[in-house]
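What follows is a set of notes on a single structure, which appears directly below.
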Amino acid sequence: MQTPTPLFCFAHRGYRQRATENTLQAITHALEFDVDGIEVDIWNIRGQLLVKHDRRLGRLIAGSELLTDLCPEALRQRLLPCGQQVPTLREVLELVGNNAQLNIEMKGPGCAALVAAELESYVRDSGASFEQYLISSFDHRQLYESLQLLPEVRRGVLIDGVPLNLAACAEPLKAYSVHLNLDFADTEMIADGKRRGLKNYIFTVNHPDDLPLIAAMGADGVFTDEPRIVMDYNARLTAEMLLNQQMQVDGGDIPQVP
């Protein structure tokens with residue numbers, strides 16, 4: 001176990017505890033909370049990148065159709081519970097600006113080329129930096145395609161388990177990070193990622209008691225539906241570290257920060 005350090009905080013689908021997930025409203029709430037990063041999910045809907053998690057309607061929007069069976073205009077006409085439309089990736093890019101890192105998770109097929117084109121266009125038009133973005137997916141083939149099309153943008157490898165070869169799958173993708181399921185958070189897996197020069201981010205962490213456990217394993221950050229618990233944890237940990245340093249300088253006993 002390692003000495004815990006503050007955790008990078010990705011707001012999972014925006015601040016979904018305060019607004020409908022993956023909406024501009026949820027992202028706005030997360031940005032107001034000064035999170036480190038925002039995570040959104042995208043689908044290629046007939047050549048347009050729309051921000052939505054589920055492959056089929058029914059949970060947030062009435063219906064049962066597959067997203068990929070709809071035209072973009074028809075999907076955006078069906079309002080979400082908060083009264084907003086399903087946003088486009090471009091709308092999210094413009095809203096986030098340079099205020100936080102943006103993790104773009106490719107959910108369905110055929111996203112890589114469209115994401116590369118959209119990011120190139122936005123960076124050219126806005127003067128943003130490619131370093132602000134992170135493309136992730138469980139579909140490692142699309143991550144490899146992203147590497148070929150736009151190597152300037154970092155890649156995050158989503159893993160839902162503990163492979164026999166640990167984090168080795170990230171190497172041919174020249175990945176920046178591995179994103180690990182909380183249920184399979186594993187010290188050996190995280191250590192292997194670090195040996196390969198990777199960041200280790202854990203999803204989806206919503207209980208405050210999990211944060212010190214994950215930090216002690218050596219994880220670099222988390223995806224969370226409740227950014228407040230991560231920001232509060234980081235604030236307490238930073239205060240304790242500063243107090244410890246001061247007490248060491250003073251030569252006194254080190255009290256615990258409540």
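Scheme for the structure tokens: letters A, B, ... for chains in order shown; per-chain residue numbers from 1; ligand numbers from 1 in order shown.
If you count only C-alpha atoms and ignore residues fewer than 2 places along the chain from Leu57 in chain A, what sits within 12 Å of it is Lys52, His53, Asp54, Arg55, Arg59, Leu60, Ile61, Ala62, Gly63, Ser64, Glu65, Leu66, Leu67, Thr68, Asp69, Leu70, Leu75, Arg78, Leu79, Leu80 and Val86 of chain A.
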Same residues, C-alpha atoms, output as a PDB file, in the first residue's frame:
```
ATOM      1  CA  LYS A  52     -25.788   9.613 -24.517  1.00  0.00           C
ATOM      2  CA  HIS A  53     -24.946   6.547 -22.443  1.00  0.00           C
ATOM      3  CA  ASP A  54     -27.499   3.834 -23.183  1.00  0.00           C
ATOM      4  CA  ARG A  55     -27.663   2.026 -26.505  1.00  0.00           C
ATOM      5  CA  ARG A  59     -34.383   4.739 -19.127  1.00  0.00           C
ATOM      6  CA  LEU A  60     -34.319   8.528 -19.608  1.00  0.00           C
ATOM      7  CA  ILE A  61     -36.307   8.973 -22.803  1.00  0.00           C
ATOM      8  CA  ALA A  62     -39.562   7.176 -23.565  1.00  0.00           C
ATOM      9  CA  GLY A  63     -39.324   4.509 -26.228  1.00  0.00           C
ATOM     10  CA  SER A  64     -37.444   1.297 -26.883  1.00  0.00           C
ATOM     11  CA  GLU A  65     -35.545   1.984 -30.105  1.00  0.00           C
ATOM     12  CA  LEU A  66     -31.832   1.533 -30.523  1.00  0.00           C
ATOM     13  CA  LEU A  67     -30.052   4.881 -30.767  1.00  0.00           C
ATOM     14  CA  THR A  68     -28.443   3.811 -34.012  1.00  0.00           C
ATOM     15  CA  ASP A  69     -31.878   3.204 -35.574  1.00  0.00           C
ATOM     16  CA  LEU A  70     -32.852   6.855 -35.067  1.00  0.00           C
ATOM     17  CA  LEU A  75     -33.509  11.847 -31.077  1.00  0.00           C
ATOM     18  CA  ARG A  78     -37.217  13.869 -27.509  1.00  0.00           C
ATOM     19  CA  LEU A  79     -36.402  15.869 -24.403  1.00  0.00           C
ATOM     20  CA  LEU A  80     -34.619  14.480 -21.361  1.00  0.00           C
ATOM     21  CA  VAL A  86     -29.406  15.261 -26.037  1.00  0.00           C
TER      22      VAL A  86
END
```
Please report, as a ChimeraX atom specification, each residue of range 14-255 of chain A to which DSSP assigns strand (DSSP E or B) when run on this structure's backbone.
-> /A:37-45,48-51,56,66,88,101-106,133-137,154-159,177-181,199-203,221-224
Do a neighbour search on Pro163 in chain A at 9 Å with only C-alpha atoms, toss out local chain neighbours closer than 5 positions, and write the hits as a list in words.
->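 In the requested format, the answer is Ala168, Cys169 and Met189 of chain A.
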Can you tell me, as a list in words, what residues are no more than 10 Å from Pro6 in chain A when counting only C-alpha atoms, ignoring any on the same chain fewer than 2 positions away?
->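 Returned residues: Pro4, Phe8, Cys9, Leu211, Pro212, Ala215, Ala219, Asp220, Gly221, Val230, Met231, Tyr233, Asn234, Ala235, Arg236, Leu237 and Thr238 of chain A.
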Using only C-alpha atoms, which residues sit within 6 Å of range 227-229 of chain A once same-chain residues fewer than 3 positions away are excluded, as a list of chain:residue names?
->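 Skipping anything fewer than 3 positions along the chain leaves A:Ala11, A:Pro208, A:Thr224, A:Asp232.
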Given only C-alpha atoms as the counted atoms, nearest of A:Leu213, A:Gly251, A:Gly156, A:Gly97 to Thr3 in chain A = A:Leu213
Looking only at helix (DSSP H, G or I) from DSSP on the backbone, list the matching residues of range 44-115 of chain A as number ranges by chain.
-> A: 67-69, 72-77, 89-96, 112-115
Can you pull out every residue within 7 Å of range 24-36 of chain A, counting only C-alpha atoms, but drop anything in the same chain fewer than 3 positions away, and send it as a ChimeraX atom specification?
-> /A:8-11,14-16,18-21,87,92,100-101
Calculate how many Å separate CA of Ala167 in chain A from CA of Asn206 in chain A, rounding to one decimal.
->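 Result for CA of Ala167 in chain A versus CA of Asn206 in chain A: 24.2 Å, one decimal.
Here the question is which of A:Gly127, A:Gly58, A:Gly218, A:Pro81 gets nearest to Thr23 in chain A using only C-alpha atoms, and that residue is A:Pro81.
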